[in-house]
file target10.cif (mmCIF, C-alpha atoms)
data_model
loop_
_atom_site.label_atom_id
_atom_site.label_comp_id
_atom_site.auth_asym_id
_atom_site.auth_seq_id
_atom_site.Cartn_x
_atom_site.Cartn_y
_atom_site.Cartn_z
CA MET A 1 0.00 0.00 0.00
CA GLY A 2 2.87 2.37 0.82
CA ILE A 3 4.40 1.79 -2.60
CA VAL A 4 1.06 2.44 -4.32
CA LEU A 5 0.66 5.67 -2.32
CA ALA A 6 4.17 6.76 -3.34
CA ILE A 7 3.45 6.22 -7.03
CA LEU A 8 0.08 8.00 -6.86
CA LEU A 9 1.52 10.86 -4.81
CA PHE A 10 4.49 11.53 -7.05
CA GLY A 11 2.37 10.95 -10.15
CA PHE A 12 -0.18 13.57 -9.07
CA ILE A 13 2.56 16.12 -8.33
CA VAL A 14 4.08 15.63 -11.80
CA PHE A 15 0.60 15.77 -13.37
CA PHE A 16 -0.11 19.09 -11.64
CA HIS A 17 3.22 20.42 -12.95
CA GLU A 18 2.20 19.52 -16.50
CA LEU A 19 -1.25 21.00 -15.90
CA GLY A 20 0.45 24.34 -15.33
CA HIS A 21 2.14 24.17 -18.73
CA PHE A 22 -1.17 23.11 -20.33
CA LEU A 23 -3.38 25.84 -18.84
CA LEU A 24 -0.94 28.64 -19.71
CA ALA A 25 -0.52 27.24 -23.21
CA LYS A 26 -4.29 27.31 -23.70
CA LYS A 27 -4.51 30.82 -22.20
CA ASN A 28 -1.91 32.00 -24.73
CA LYS A 29 -3.73 30.16 -27.58
CA ILE A 30 -0.79 27.83 -28.19
CA ASP A 31 -1.38 24.56 -30.03
CA VAL A 32 -1.21 21.58 -27.65
CA ASP A 33 -0.84 18.30 -29.53
CA GLU A 34 -1.57 16.10 -26.51
CA PHE A 35 -2.26 16.38 -22.81
CA ALA A 36 -1.79 13.04 -21.11
CA VAL A 37 -2.57 11.79 -17.62
CA GLY A 38 -0.11 8.99 -16.91
CA MET A 39 2.54 7.49 -19.15
CA GLY A 40 2.86 4.44 -21.39
CA PRO A 41 0.16 2.87 -23.61
CA ALA A 42 -3.07 4.85 -23.97
CA LEU A 43 -6.17 3.45 -22.27
CA PHE A 44 -8.46 6.23 -23.49
CA GLN A 45 -8.06 9.03 -26.03
CA LYS A 46 -10.31 11.81 -27.25
CA THR A 47 -9.49 14.73 -29.50
CA TYR A 48 -11.17 18.05 -28.73
CA LYS A 49 -10.39 21.37 -30.47
CA GLY A 50 -7.13 20.07 -31.87
CA THR A 51 -5.79 18.59 -28.63
CA ARG A 52 -5.67 14.86 -27.93
CA TYR A 53 -6.58 14.14 -24.31
CA SER A 54 -5.43 10.75 -23.11
CA ILE A 55 -5.36 8.56 -20.04
CA ARG A 56 -2.38 6.25 -20.06
CA LEU A 57 -1.59 3.01 -18.30
CA LEU A 58 1.12 4.01 -15.83
CA PRO A 59 0.01 6.50 -13.12
CA ILE A 60 3.38 8.26 -13.00
CA GLY A 61 2.61 11.83 -13.96
CA GLY A 62 1.78 12.95 -17.47
CA TYR A 63 2.92 15.35 -20.16
CA CYS A 64 1.89 18.33 -22.25
CA ALA A 65 3.16 18.12 -25.85
CA MET A 66 3.32 21.58 -27.46
CA GLY A 67 6.03 21.08 -30.08
CA GLU A 68 8.35 23.49 -28.27
CA ASP A 69 11.45 21.60 -29.42
CA GLU A 70 10.52 21.87 -33.07
CA GLU A 71 11.02 24.49 -35.75
CA ALA A 72 8.20 27.03 -36.05
CA THR A 73 5.49 25.93 -38.47
CA ASP A 74 3.07 28.02 -40.49
CA SER A 75 0.47 27.85 -37.73
CA PRO A 76 0.24 31.20 -35.88
CA ASN A 77 -0.56 29.19 -32.74
CA ASN A 78 2.62 27.13 -32.84
CA PHE A 79 4.58 27.50 -29.59
CA ASN A 80 7.61 28.99 -31.34
CA ASN A 81 5.51 31.60 -33.17
CA LYS A 82 4.24 33.14 -29.95
CA SER A 83 5.90 36.09 -28.21
CA VAL A 84 8.89 35.29 -26.04
CA TRP A 85 7.01 36.42 -22.91
CA ALA A 86 4.08 34.12 -23.71
CA ARG A 87 6.52 31.22 -24.03
CA ILE A 88 8.27 32.20 -20.80
CA SER A 89 4.92 32.16 -18.96
CA VAL A 90 4.13 28.67 -20.30
CA ILE A 91 7.50 27.18 -19.33
CA ALA A 92 7.52 28.86 -15.89
CA ALA A 93 3.95 27.72 -15.17
CA GLY A 94 5.00 24.13 -14.38
CA PRO A 95 7.27 24.97 -11.41
CA VAL A 96 4.90 27.74 -10.29
CA PHE A 97 2.04 25.24 -10.18
CA ASN A 98 4.21 22.99 -8.00
CA PHE A 99 4.55 25.85 -5.51
CA ILE A 100 0.80 26.48 -5.71
CA LEU A 101 0.09 22.79 -5.04
CA ALA A 102 2.53 22.79 -2.11
CA TRP A 103 0.72 25.83 -0.69
CA ILE A 104 -2.73 24.22 -1.08
CA PHE A 105 -1.50 21.07 0.69
CA SER A 106 0.14 23.23 3.39
CA VAL A 107 -3.10 25.10 4.11
CA ILE A 108 -4.99 21.81 4.39
CA LEU A 109 -2.34 20.25 6.66
CA ILE A 110 -2.08 23.28 8.95
CA PHE A 111 -5.87 23.46 9.21
CA MET A 112 -5.75 19.80 10.28
CA ILE A 113 -2.86 19.82 12.78
CA GLY A 114 -2.06 23.47 13.50
CA TYR A 115 1.16 25.44 13.03
CA ASP A 116 4.44 25.57 14.93
CA GLN A 117 5.03 29.12 16.13
CA PRO A 118 8.67 29.89 16.98
CA VAL A 119 7.81 30.06 20.69
CA ILE A 120 10.13 28.35 23.15
CA GLY A 121 8.45 25.52 25.05
CA SER A 122 11.40 24.60 27.26
CA VAL A 123 15.06 25.44 27.77
CA GLU A 124 17.52 22.65 28.58
CA ASP A 125 20.04 23.14 31.36
CA GLY A 126 23.70 22.89 30.39
CA TYR A 127 23.20 24.27 26.90
CA PRO A 128 23.94 27.77 25.50
CA ALA A 129 20.32 28.96 25.41
CA ALA A 130 19.89 28.46 29.19
CA GLU A 131 23.26 30.10 29.90
CA ALA A 132 22.19 33.14 27.78
CA GLY A 133 18.99 33.52 29.82
CA LEU A 134 16.36 32.40 27.29
CA GLN A 135 13.10 31.29 28.91
CA GLU A 136 9.95 29.36 28.16
CA GLY A 137 7.50 31.61 26.27
CA ASP A 138 10.16 33.67 24.51
CA ARG A 139 9.46 34.11 20.79
CA VAL A 140 12.40 33.74 18.40
CA VAL A 141 12.12 36.37 15.66
CA GLN A 142 15.50 36.19 13.92
CA ILE A 143 18.63 34.04 13.60
CA GLY A 144 21.57 35.68 11.87
CA ASP A 145 20.03 37.65 9.00
CA LYS A 146 17.06 35.27 8.68
CA ASN A 147 13.60 36.18 9.97
CA ILE A 148 11.93 33.26 11.76
CA HIS A 149 8.24 32.43 11.26
CA ILE A 150 7.99 28.72 12.21
CA TYR A 151 9.93 26.79 14.81
CA ARG A 152 11.52 24.33 12.36
CA GLU A 153 13.43 27.21 10.78
CA ILE A 154 15.54 27.32 13.96
CA SER A 155 16.60 23.67 13.62
CA ALA A 156 17.15 24.09 9.88
CA TYR A 157 19.42 27.09 10.43
CA LEU A 158 21.58 25.14 12.86
CA GLN A 159 21.76 22.21 10.43
CA PHE A 160 22.85 24.36 7.49
CA HIS A 161 25.29 26.53 9.46
CA PRO A 162 27.41 23.99 11.36
CA ASP A 163 30.36 25.12 13.47
CA GLU A 164 29.11 28.72 13.52
CA ASP A 165 28.10 30.98 16.39
CA VAL A 166 24.38 31.80 16.32
CA VAL A 167 23.18 35.39 16.67
CA LEU A 168 19.61 34.95 17.93
CA THR A 169 17.00 37.65 18.49
CA TYR A 170 13.99 36.90 20.66
CA GLU A 171 10.98 38.81 21.94
CA ARG A 172 9.88 38.90 25.57
CA ASP A 173 7.15 41.14 26.98
CA GLY A 174 7.13 43.21 23.80
CA GLU A 175 10.88 43.89 23.87
CA GLU A 176 13.53 42.37 21.62
CA HIS A 177 16.82 40.98 22.93
CA THR A 178 19.80 39.64 20.98
CA VAL A 179 22.26 37.00 22.20
CA THR A 180 25.16 35.15 20.62
CA LEU A 181 25.17 31.38 21.20
CA THR A 182 27.87 28.82 20.52
CA PRO A 183 26.11 25.49 19.77
CA LYS A 184 27.19 22.55 21.90
CA MET A 185 27.71 19.06 20.52
CA ASP A 186 25.26 16.47 21.81
CA GLU A 187 27.46 13.37 21.87
CA GLU A 188 24.49 11.04 22.17
CA LEU A 189 22.61 12.47 19.18
CA GLY A 190 25.73 13.33 17.17
CA TYR A 191 24.93 16.94 16.26
CA GLU A 192 25.17 20.46 17.70
CA ARG A 193 22.35 21.95 19.76
CA ILE A 194 21.57 25.18 21.58
CA GLY A 195 19.12 23.55 24.00
CA LEU A 196 15.69 24.77 22.94
CA ALA A 197 12.43 22.88 22.43
CA SER A 198 9.21 23.91 20.68
CA SER A 199 6.02 24.83 22.51
CA GLY A 200 4.08 22.57 20.11
CA ASN A 201 1.43 23.31 17.52
CA THR A 202 -1.18 26.06 17.72
CA LYS A 203 -4.69 25.42 16.40
CA ALA A 204 -5.27 27.25 13.10
CA ASN A 205 -8.25 29.09 11.69
CA LEU A 206 -8.67 29.71 7.97
CA LEU A 207 -6.70 32.98 8.03
CA THR A 208 -3.73 31.58 9.95
CA ALA A 209 -3.80 28.44 7.78
CA PHE A 210 -3.35 30.67 4.70
CA GLN A 211 -0.61 32.67 6.42
CA TYR A 212 1.38 29.75 7.80
CA GLY A 213 0.79 27.74 4.64
CA THR A 214 2.87 30.40 2.89
CA TYR A 215 5.56 30.14 5.56
CA GLU A 216 5.55 26.35 5.17
CA VAL A 217 6.20 26.52 1.41
CA LYS A 218 8.87 29.19 1.95
CA TYR A 219 10.53 26.89 4.50
CA TRP A 220 10.76 23.95 2.10
CA ILE A 221 12.00 26.12 -0.77
CA GLU A 222 14.75 27.48 1.47
CA VAL A 223 15.65 23.99 2.76
CA THR A 224 15.97 22.78 -0.84
CA LEU A 225 18.15 25.76 -1.83
CA ASP A 226 20.35 25.38 1.27
CA SER A 227 20.76 21.65 0.54
CA LEU A 228 21.84 22.47 -3.02
CA ARG A 229 24.29 25.06 -1.68
CA MET A 230 25.86 22.46 0.62
CA LEU A 231 26.03 19.99 -2.28
CA VAL A 232 27.79 22.50 -4.55
CA THR A 233 30.23 23.55 -1.82
CA GLY A 234 31.03 19.91 -0.97
CA GLN A 235 29.55 20.00 2.55
CA ILE A 236 27.38 17.05 1.57
CA GLY A 237 28.17 14.43 -1.07
CA VAL A 238 26.31 13.04 -4.06
CA ASP A 239 25.94 9.81 -2.07
CA GLN A 240 23.38 11.60 0.13
CA LEU A 241 21.06 12.43 -2.79
CA SER A 242 17.87 10.44 -3.15
CA GLY A 243 15.69 9.67 -6.19
CA PRO A 244 12.50 7.75 -7.02
CA VAL A 245 13.57 4.57 -5.21
CA GLY A 246 14.39 6.55 -2.08
CA ILE A 247 11.12 8.48 -2.29
CA VAL A 248 9.12 5.26 -2.56
CA ASP A 249 10.99 3.85 0.44
CA VAL A 250 10.35 6.98 2.56
CA VAL A 251 6.64 7.07 1.66
CA ASP A 252 6.27 3.36 2.35
CA GLU A 253 8.10 3.61 5.68
CA THR A 254 6.03 6.65 6.69
CA TYR A 255 2.82 4.82 5.84
CA GLN A 256 3.84 1.71 7.76
CA GLN A 257 4.71 3.77 10.85
CA SER A 258 1.56 5.93 10.80
CA ARG A 259 -1.18 3.49 9.76
CA SER A 260 -1.61 2.12 13.27
CA TYR A 261 -2.67 5.62 14.38
CA GLY A 262 -5.52 5.74 11.89
CA ALA A 263 -6.44 7.31 8.56
CA TYR A 264 -6.25 10.89 9.89
CA VAL A 265 -2.57 10.54 10.75
CA VAL A 266 -1.81 8.76 7.46
CA VAL A 267 -3.42 11.60 5.49
CA ALA A 268 -1.48 14.20 7.49
CA GLN A 269 1.81 12.40 6.90
CA MET A 270 1.15 12.01 3.17
CA LEU A 271 0.29 15.71 2.90
CA TYR A 272 3.54 16.56 4.67
CA LEU A 273 5.55 14.49 2.18
CA ALA A 274 3.57 15.92 -0.75
CA ILE A 275 4.46 19.48 0.34
CA LEU A 276 8.14 18.56 0.54
CA LEU A 277 8.14 16.81 -2.86
CA SER A 278 6.11 19.45 -4.69
CA ALA A 279 8.19 22.37 -3.41
CA ASN A 280 11.37 20.42 -4.15
CA LEU A 281 10.26 19.62 -7.70
CA GLY A 282 9.41 23.28 -8.30
CA VAL A 283 12.86 24.44 -7.19
CA MET A 284 14.72 21.72 -9.09
CA ASN A 285 12.86 22.47 -12.31
CA LEU A 286 13.78 26.15 -12.08
CA LEU A 287 17.51 25.43 -11.89
CA PRO A 288 19.22 26.91 -14.98
CA LEU A 289 20.30 23.48 -16.22
CA PRO A 290 19.81 22.10 -19.75
CA ALA A 291 16.71 19.94 -20.30
CA LEU A 292 14.97 21.40 -17.23
CA ASP A 293 12.39 24.19 -17.33
CA GLY A 294 15.02 26.51 -15.86
CA GLY A 295 17.37 25.71 -18.74
CA ARG A 296 14.65 26.48 -21.27
CA LEU A 297 13.93 29.75 -19.49
CA VAL A 298 17.60 30.75 -19.82
CA PHE A 299 17.37 30.44 -23.61
CA LEU A 300 14.09 32.37 -23.64
CA PHE A 301 15.52 35.21 -21.55
CA VAL A 302 18.56 35.33 -23.86
CA GLU A 303 16.12 35.59 -26.76
CA ALA A 304 14.24 38.39 -24.98
CA VAL A 305 17.48 40.36 -24.61
CA ARG A 306 18.86 39.62 -28.10
CA LYS A 307 15.47 40.01 -29.81
CA LYS A 308 16.41 36.92 -31.76
CA ARG A 309 15.90 33.22 -31.05
CA VAL A 310 18.88 30.98 -30.39
CA PRO A 311 19.07 28.53 -33.35
CA PRO A 312 16.88 25.54 -32.42
CA GLU A 313 19.53 22.97 -33.39
CA LYS A 314 22.10 24.58 -31.06
CA GLU A 315 19.60 24.76 -28.21
CA GLY A 316 18.71 21.13 -28.94
CA TYR A 317 22.35 20.05 -28.61
CA VAL A 318 22.60 21.74 -25.23
CA HIS A 319 19.40 20.14 -23.95
CA PHE A 320 20.46 16.73 -25.27
CA ALA A 321 23.77 17.01 -23.42
CA GLY A 322 21.83 17.99 -20.30
CA ILE A 323 19.55 14.97 -20.63
CA VAL A 324 22.58 12.67 -20.90
CA LEU A 325 24.16 14.18 -17.78
CA LEU A 326 20.87 14.01 -15.88
CA MET A 327 20.48 10.34 -16.83
CA LEU A 328 23.99 9.64 -15.55
CA LEU A 329 23.17 11.44 -12.31
CA MET A 330 19.94 9.44 -11.99
CA VAL A 331 21.92 6.20 -12.35
CA VAL A 332 24.24 7.28 -9.52
CA VAL A 333 21.32 8.38 -7.34
CA MET A 334 19.41 5.16 -8.00
CA TYR A 335 22.49 3.13 -7.10
CA ASN A 336 22.76 5.07 -3.82
CA ASP A 337 19.07 4.48 -3.10
CA ILE A 338 19.33 0.74 -3.77
CA GLN A 339 22.40 0.50 -1.52
CA ARG A 340 20.59 2.30 1.32
CA VAL A 341 17.28 0.48 0.96
CA PHE A 342 18.33 -3.10 0.25
CA PHE A 343 21.80 -3.49 1.74
#

call {"tool": "encode", "arguments": {"input": "target10.cif", "output": "structure tokens"}}
result
Amino acid sequence: MGIVLAILLFGFIVFFHELGHFLLAKKNKIDVDEFAVGMGPALFQKTYKGTRYSIRLLPIGGYCAMGEDEEATDSPNNFNNKSVWARISVIAAGPVFNFILAWIFSVILIFMIGYDQPVIGSVEDGYPAAEAGLQEGDRVVQIGDKNIHIYREISAYLQFHPDEDVVLTYERDGEEHTVTLTPKMDEELGYERIGLASSGNTKANLLTAFQYGTYEVKYWIEVTLDSLRMLVTGQIGVDQLSGPVGIVDVVDETYQQSRSYGAYVVVAQMLYLAILLSANLGVMNLLPLPALDGGRLVFLFVEAVRKKRVPPEKEGYVHFAGIVLLMLLMVVVMYNDIQRVFF
């Protein structure tokens, strides 16, 4: 069941990404050859107003075929005959829809379980926070140059800034105070801590669900970007990356651990993973790498500046090289996943 949930979850996220491309293409009156739900052999097909709509066998996403990799044809509605800004909006719509989906899921999840305000629930003796005088009920408003909106941002900051002093600003009785903390290694847990614990979740109404849903998506976007920064700078290795096999394993393990608590908890956990995956997919697709939406946007912005399209064959070579490199990376990531999961 966990594996089925993983496939359906990831498939829906990819489908929603493609839906973004599709809706903006239709809004800009761009010819769409096919919009497919799923991949593989077609189970059902129907052509309506020049677009073939299909449901395919494998529930692993979908695609929106607009002929964007082809030479412009005589049709005024061909993708490549539209203005550069229309094409930019269509390509950017996929990642943007991933962020929208992550926000929708976040609002639902927060309405279900509440939100984690950055309010201190307890201070542990023997750690820097207690020595600096922080108390239960203090509200953390900033760490370094980063404004804090949810409690998990505190833990994330410590994780992504190891071996650094922490300049922390907190609010007490309407007044702000700033302290500098030197995290202390917890030998039992194996990582540095400052000795704070959360006050737990606060029940949300519709307004706060909208507000903290935005903070939730912002949090996952920043976590993804910080993880990429650590990867590029060598602070973490390629061996720590995870792909489809790893995702399936995490979803399955989460399902197995939460199902004994009932359907409500399972739904909450799946929503949590969906937010992470959707925000992550949005960020990754916007990276300026060949074959990704971000790579296509680079060529479109160059065209907007030059007032002239990059020759399609040259752009095609770049994207092909990017696909080859991405496939090689996927092989490495899949190997890492298999090693972690099965050995």

call {"tool": "closest_atom_pairs", "arguments": {"input": "target10.cif", "of": "region 280-342 of chain A", "to": "region 88-103 of chain A", "cutoff": "9 Å", "atoms": "all atoms listed in the file", "output": "tab-separated table"}}
result
residue	atom	partner	partner_atom	distance
A:Asn280	CA	A:Asn98	CA	8.5
A:Leu281	CA	A:Asn98	CA	6.9
A:Gly282	CA	A:Pro95	CA	4.1
A:Val283	CA	A:Pro95	CA	7.0
A:Met284	CA	A:Pro95	CA	8.5
A:Asn285	CA	A:Pro95	CA	6.2
A:Leu286	CA	A:Pro95	CA	6.6
A:Asp293	CA	A:Ile91	CA	6.1
A:Gly294	CA	A:Ala92	CA	7.9
A:Arg296	CA	A:Ile91	CA	7.4
A:Leu297	CA	A:Ile88	CA	6.3
A:Leu300	CA	A:Ile88	CA	6.5
A:Phe301	CA	A:Ile88	CA	7.9

call {"tool": "resolve_selection", "arguments": {"input": "target10.cif", "expression": "the PyMOL selection byres ((chain A and resi 79) around 10)", "output": "ChimeraX atom specification"}}
result
/A:25,28-32,66-73,75-78,80-84,86-87,90

call {"tool": "residues_around", "arguments": {"input": "target10.cif", "residues": "region 153-158 of chain A", "least_positions_apart": "2", "cutoff": "10 Å", "atoms": "all atoms listed in the file", "output": "PyMOL selection string"}}
result
chain A and resi 118+140-144+146-151+160-166+168+183+191-194+196-198+215-216+219-220+222-223+226

call {"tool": "atom_distance", "arguments": {"input": "target10.cif", "atom1": "CA of Ala132 (chain A)", "atom2": "CA of Thr182 (chain A)"}}
result
10.2 Å

call {"tool": "residues_around", "arguments": {"input": "target10.cif", "residues": "Val310 (chain A)", "least_positions_apart": "5", "cutoff": "10 Å", "atoms": "all atoms listed in the file", "output": "list of chain:residue names"}}
result
A:Phe299, A:Leu300, A:Val302, A:Glu303, A:Glu315, A:Gly316

call {"tool": "resolve_selection", "arguments": {"input": "target10.cif", "expression": "the PyMOL selection byres ((chain A and resi 170) around 6)", "output": "list in words"}}
result
Arg139, Val140, Val141, Thr169, Glu171, Glu176 and His177 of chain A

call {"tool": "write_last_selection", "arguments": {"input": "target10.cif", "atoms": "C-alpha atoms", "output": "PDB file, keeping the file's coordinate frame"}}
result
ATOM      1  CA  ARG A 139       9.460  34.110  20.790  1.00  0.00           C
ATOM      2  CA  VAL A 140      12.400  33.740  18.400  1.00  0.00           C
ATOM      3  CA  VAL A 141      12.120  36.370  15.660  1.00  0.00           C
ATOM      4  CA  THR A 169      17.000  37.650  18.490  1.00  0.00           C
ATOM      5  CA  GLU A 171      10.980  38.810  21.940  1.00  0.00           C
ATOM      6  CA  GLU A 176      13.530  42.370  21.620  1.00  0.00           C
ATOM      7  CA  HIS A 177      16.820  40.980  22.930  1.00  0.00           C
TER       8      HIS A 177
END

call {"tool": "axis_aligned_box", "arguments": {"input": "target10.cif", "around": "region 267-281 of chain A", "padding_each_side": "6 Å", "output": "lines of an AutoDock Vina configuration file"}}
result
center_x = 4.0
center_y = 17.0
center_z = -0.1
size_x = 26.8
size_y = 22.8
size_z = 27.2

call {"tool": "resolve_selection", "arguments": {"input": "target10.cif", "expression": "the PyMOL selection byres ((chain A and resi 62) around 6)", "output": "count of residues only"}}
result
7

call {"tool": "closest_residue", "arguments": {"input": "target10.cif", "among": "A:Ile60, A:Val107, A:Ala6, A:Leu19", "to": "Gly40 (chain A)", "atoms": "only C-alpha atoms"}}
result
A:Ile60

call {"tool": "atom_distance", "arguments": {"input": "target10.cif", "atom1": "CA of Gly137 (chain A)", "atom2": "CA of Lys184 (chain A)"}}
result
22.1 Å

call {"tool": "closest_residue", "arguments": {"input": "target10.cif", "among": "A:Thr178, A:Tyr255, A:Leu5, A:Lys308", "to": "Gln269 (chain A)", "atoms": "all atoms listed in the file"}}
result
A:Tyr255

call {"tool": "atom_distance", "arguments": {"input": "target10.cif", "atom1": "CA of Asp138 (chain A)", "atom2": "CA of Asp173 (chain A)"}}
result
8.4 Å

call {"tool": "residues_near_point", "arguments": {"input": "target10.cif", "point": "(-5.7, 29.0, 10.7)", "cutoff": "6 Å", "atoms": "all atoms listed in the file", "output": "list in words"}}
result
Phe111, Ala204, Asn205, Leu206, Leu207, Thr208 and Ala209 of chain A

call {"tool": "closest_residue", "arguments": {"input": "target10.cif", "among": "A:Tyr53, A:Tyr335, A:Tyr48, A:Phe35", "to": "Asp239 (chain A)", "atoms": "only C-alpha atoms"}}
result
A:Tyr335

call {"tool": "residues_around", "arguments": {"input": "target10.cif", "residues": "Gly114 (chain A)", "least_positions_apart": "2", "cutoff": "7 Å", "atoms": "only C-alpha atoms", "output": "number ranges by chain"}}
result
A: 110-112, 116, 201-204

call {"tool": "closest_residue", "arguments": {"input": "target10.cif", "among": "A:Val217, A:Val232, A:Ala129, A:Leu9", "to": "Leu181 (chain A)", "atoms": "all atoms listed in the file"}}
result
A:Ala129

call {"tool": "residues_around", "arguments": {"input": "target10.cif", "residues": "Asn336 (chain A)", "least_positions_apart": "2", "cutoff": "9 Å", "atoms": "only C-alpha atoms", "output": "number ranges by chain"}}
result
A: 238-243, 246, 331-334, 338-341
